[in-house]
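These notes are about the structure you will find just below.
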Amino acid sequence: MLVTNEGNARMVTSQPRIHIAVMGAERVTEDWEQADLLLGLLAKSGTGQPLSSYTTIISGPRGPGEVDGPEEFHLVIVDNGRSDLAGGEFAEMLDCIRCGACLNVCPVYRQTGGHAYGWVYSGPMGAVLTPLLGGRSGAAEVANASTLCGACMEVCPVEIPLQDLLLGLRRRKAPDAGTGERLAWRAWAAAWSRPTAFRGTGWVTTRTRRLAPLARRLPGARRWTDGRALPDLPARTFHERWRDGDV
Amino acid sequence: MATSERETGDRQRFLASIRARQRPHGPAAEAIASPHPPPGPPPSVPRVGYRVLDGRDPTPGSADLVEVFVDRACAAEATVWRGGPRGDGGLPDLVARHGIVHAVRSRDHGLDHWADILAGLGVRVVEFDPRDFAAGAALETADRADVVSLSVASHAMASTGSVVVDAATAGSRSASLLAPVQVCIVPVDRLVATHAEVLRDQRPPMPSCRVVITGPSRTGDIEQRLTLGAHGPVALHLVVVDGSPADGPQSAP
């Protein structure tokens, strides 16, 4: 079953002599009742249409009495790690119907776009599926590309617990953290879990704000600071301004 | 399809590994129980299999199916004409508006009346010849800019304003796609309420290709503006044949 608005799927499945269809292994439904249910969810969730312009159901090469259509039809069912997920902690990710509703609502995807995810799948579902299928080197990092706001989980039509799966991936990756990373997290947690220390870091930042451009010179900082403008740091923290009645 | 012993062994091992994962035993079974069981609809909402009718979908067999179909089809940017089997189908207006010079059709006799009207308007009607595969004059004709394609819907669905075209009865997978104007005849006895009634009823032998068509081809990729006629027809004209006296074009209420 192919779903398009433009008609491109009809074009490529009717003109050439040989038709090769590629499909993920999880894209099989038990019967037409299930397929019909998922079809009804797909366009509504992705683009707000009741159905897309064309839903093409192909059962093989051209039939007798037809003047066009491919002479050969080949179906390639791609596993690539999908069957490994079945029955496991992340099995629900296989329910994804690729509607794009999670992309539509994700604040991270809205800012970074699809290429930032580095592989086939982007947005919240990509942040889960790419690490699970071992996409490219560094694929595991993509699970961090989330604020865990939960908007994706709310709109998912097949109710994949994306937030829980992202947390599960981060938990799975946590033991790999190096000493430097662990110390940094610990220092940050120590500083910001105490009101006095939290206000202290704010005070230091505002009082040293004229030194902020020097951050670009820190080792490894250029990858982050290149192409980004530093925020305008205020002279006093919000706490101070509130205490003094300025807000 | 050649099946070697190695291929069969690989396939069995692969399927066995999936089967093993589907039925975990012991603590693993509890671990994968979903923490988020989906809430069902309120008991007062009538259910039909998977579908929950919310009052917006037409009920199967209801009298206003045609009205709903016309409304939803126009919302999908199709034009609809409704009338008797001897009417003109709104074709004269269509031919004039799009400058139609050629038409392609299958051998389905349900198209004879409408093909005759087109011929009467000076349109050159080309019929598919299944013996003339892939290099056919019919497909070359369909690929022009001034051509209309004629086909009969095997089904129509009111809830989405869609029609279903089978390649077997239509004679071609692509003619109704290549021609910039698509005319589809919809006998009212083939109109059902929702796509559930059409899709769930499918069983072998299946046609090689079946398309559910909702409106003309469209894309929003170009400058983020909706554009009709991307890789398909820019206009879809539906002729609803129900013998109603209101012989004429329909628009959404």
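Lettering and numbering for the structure tokens are positional, with chains as A, B, ... in the shown order, residues counted from 1 in each chain, and ligands counted from 1 in the shown order.
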Which chain A residues have any atom within 8 Å of an atom of chain B, and for each, what is the nearest pair of atoms with distance in Å to one decimal, counting only C-alpha atoms, rows sorted by chain and number, as a Markdown table?
```
| residue | atom | partner | partner_atom | distance |
| --- | --- | --- | --- | --- |
| A:Asn5 | CA | B:Arg218 | CA | 5.5 |
| A:Glu6 | CA | B:Ser217 | CA | 4.9 |
| A:Gly7 | CA | B:His231 | CA | 5.0 |
| A:Asn8 | CA | B:His231 | CA | 5.6 |
| A:Arg10 | CA | B:Ser174 | CA | 7.0 |
| A:Met11 | CA | B:Ser174 | CA | 6.9 |
| A:Ser14 | CA | B:Arg173 | CA | 5.8 |
| A:Gln15 | CA | B:Ser174 | CA | 7.5 |
| A:Trp32 | CA | B:Arg200 | CA | 5.0 |
| A:Glu33 | CA | B:Arg200 | CA | 5.2 |
| A:Asp36 | CA | B:Ala196 | CA | 6.1 |
| A:Leu37 | CA | B:Tyr50 | CA | 6.8 |
| A:Pro50 | CA | B:Thr160 | CA | 6.0 |
| A:Leu51 | CA | B:Thr160 | CA | 6.7 |
| A:Ser52 | CA | B:Thr214 | CA | 6.7 |
| A:Ser53 | CA | B:Thr214 | CA | 4.5 |
| A:Tyr54 | CA | B:Ile213 | CA | 4.9 |
| A:Thr55 | CA | B:Val212 | CA | 4.9 |
| A:Thr56 | CA | B:Val211 | CA | 4.4 |
| A:Ile57 | CA | B:Arg210 | CA | 5.0 |
| A:Ile58 | CA | B:Cys209 | CA | 4.5 |
| A:Ser59 | CA | B:Ser208 | CA | 4.7 |
| A:Gly60 | CA | B:Ser208 | CA | 5.2 |
| A:Pro61 | CA | B:Ser208 | CA | 6.2 |
| A:Arg62 | CA | B:Ser208 | CA | 5.9 |
| A:Gly63 | CA | B:Ser208 | CA | 5.7 |
| A:Pro64 | CA | B:Ala168 | CA | 7.6 |
| A:Gly65 | CA | B:Pro130 | CA | 5.0 |
| A:Glu66 | CA | B:Gly171 | CA | 4.6 |
| A:Val67 | CA | B:Phe133 | CA | 4.7 |
| A:Asp68 | CA | B:Ala134 | CA | 5.3 |
| A:Gly69 | CA | B:Arg173 | CA | 6.3 |
| A:Ser83 | CA | B:Ile18 | CA | 6.2 |
| A:Asp84 | CA | B:Ile18 | CA | 7.8 |
| A:Ala86 | CA | B:Arg21 | CA | 5.9 |
| A:Gly87 | CA | B:Arg21 | CA | 4.9 |
| A:Gly88 | CA | B:Ile32 | CA | 6.4 |
| A:Glu89 | CA | B:Ile32 | CA | 5.7 |
| A:Ala91 | CA | B:Ile32 | CA | 7.9 |
| A:Glu159 | CA | B:Pro38 | CA | 7.3 |
| A:Pro161 | CA | B:His36 | CA | 7.4 |
```
Range 175-178 of chain A surroundings by only C-alpha atoms, 12 Å radius, close-in-sequence under 6 positions cut, as a PyMOL selection string: chain A and resi 140-141+169+184-185
Writer output for current selection, all heavy atoms, as a compact mmCIF listing (two decimals), in the first residue's frame:
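This is the output file selection-v2.txt:
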```
# COMPACT_ATOMS: atom_id res chain seq x y z
N ALA A 140 23.65 7.09 18.53
CA ALA A 140 23.10 7.04 19.88
C ALA A 140 22.88 8.44 20.44
O ALA A 140 22.02 8.65 21.28
CB ALA A 140 24.04 6.26 20.79
N GLU A 141 23.64 9.42 19.96
CA GLU A 141 23.50 10.79 20.47
C GLU A 141 22.14 11.39 20.18
O GLU A 141 21.67 12.26 20.88
CB GLU A 141 24.56 11.70 19.81
CG GLU A 141 25.97 11.41 20.21
CD GLU A 141 26.21 11.71 21.68
OE1 GLU A 141 25.53 12.62 22.21
OE2 GLU A 141 27.04 11.02 22.29
N LEU A 169 16.53 4.96 26.20
CA LEU A 169 17.75 5.01 25.41
C LEU A 169 18.86 5.75 26.14
O LEU A 169 20.02 5.36 26.10
CB LEU A 169 17.47 5.68 24.06
CG LEU A 169 16.75 4.82 23.04
CD1 LEU A 169 16.28 5.67 21.87
CD2 LEU A 169 17.64 3.70 22.55
N ALA A 184 31.21 16.69 34.99
CA ALA A 184 30.47 17.88 34.58
C ALA A 184 29.01 17.80 35.02
O ALA A 184 28.45 18.76 35.56
CB ALA A 184 30.56 18.04 33.06
N TRP A 185 28.37 16.65 34.81
CA TRP A 185 26.98 16.49 35.23
C TRP A 185 26.86 16.64 36.74
O TRP A 185 25.94 17.30 37.26
CB TRP A 185 26.44 15.12 34.83
CG TRP A 185 26.06 14.98 33.38
CD1 TRP A 185 26.69 14.21 32.46
CD2 TRP A 185 24.99 15.63 32.69
NE1 TRP A 185 26.08 14.33 31.25
CE2 TRP A 185 25.04 15.19 31.35
CE3 TRP A 185 23.98 16.53 33.08
CZ2 TRP A 185 24.12 15.62 30.39
CZ3 TRP A 185 23.08 16.95 32.12
CH2 TRP A 185 23.15 16.50 30.79
```
Residue neighbourhood Val192 in chain B, 8 Å, only C-alpha atoms, exclusion window fewer than 2 positions, as number ranges by chain: B: 60-61, 65, 155-158, 190, 194-195, 197-198
CA of Arg144 in chain B to CA of Pro180 in chain B, distance in Å rounded to a single decimal: 8.0 Å
Point-to-point distance from CA of Val181 in chain B to CA of His109 in chain B, Å rounded to tenths: 20.6 Å
Leu111 in chain B environment, 10 Å, only C-alpha atoms, sequence neighbours closer than 2 positions dropped, as a ChimeraX atom specification: /B:105-109,113-116,150-152,184-185
Atomic distance CA of Ser45 in chain A - CA of Gly100 in chain A, expressed in Å with one decimal: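 Between CA of Ser45 in chain A and CA of Gly100 in chain A the gap works out to 7.2 Å.
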Alpha helix (DSSP H) per DSSP on the backbone: members of range 72-123 of chain A, as a list in words: Arg82, Ser83, Asp84, Leu85, Ala101, Cys102, Leu103, Asn104, Val105, Pro107, Val108, Tyr109, Arg110, Gln111, Thr112 and Gly123 of chain A
Distance query Trp203 in chain A at most 7 Å, only C-alpha atoms, self and fewer than 4 positions along chain excluded, as a ChimeraX atom specification: /A:199,207,237
Print the selection's residues with C-alpha atoms to a file, as a PDB file, in the first residue's frame.
```pdb
ATOM      1  CA  ARG A 199      21.699  32.082  42.767  1.00  0.00           C
ATOM      2  CA  ARG A 207      28.935  40.154  37.092  1.00  0.00           C
ATOM      3  CA  THR A 237      19.827  38.285  37.946  1.00  0.00           C
TER       4      THR A 237
END
```
Using only C-alpha atoms, which residues sit within 12 Å of Gly120 in chain B once same-chain residues fewer than 6 positions away are excluded, as a PDB file with C-alpha atoms, in the first residue's frame?
```pdb
ATOM      1  CA  ASP B  88     -24.369  15.175 -20.441  1.00  0.00           C
ATOM      2  CA  LEU B  91     -18.746  17.235 -20.129  1.00  0.00           C
ATOM      3  CA  PRO B  92     -19.421  20.057 -22.620  1.00  0.00           C
ATOM      4  CA  VAL B  95     -14.189  20.215 -22.627  1.00  0.00           C
ATOM      5  CA  VAL B 101      -9.093  17.536 -27.928  1.00  0.00           C
ATOM      6  CA  HIS B 113     -22.664   6.916 -23.344  1.00  0.00           C
ATOM      7  CA  TRP B 114     -20.108   9.385 -22.036  1.00  0.00           C
TER       8      TRP B 114
END
```
DSSP-assigned strand (DSSP E or B) members of range 100-209 of chain B, reported as a ChimeraX atom specification: /B:102-105,124-127,147-152,155-157,162-166,181-187,191-192,209
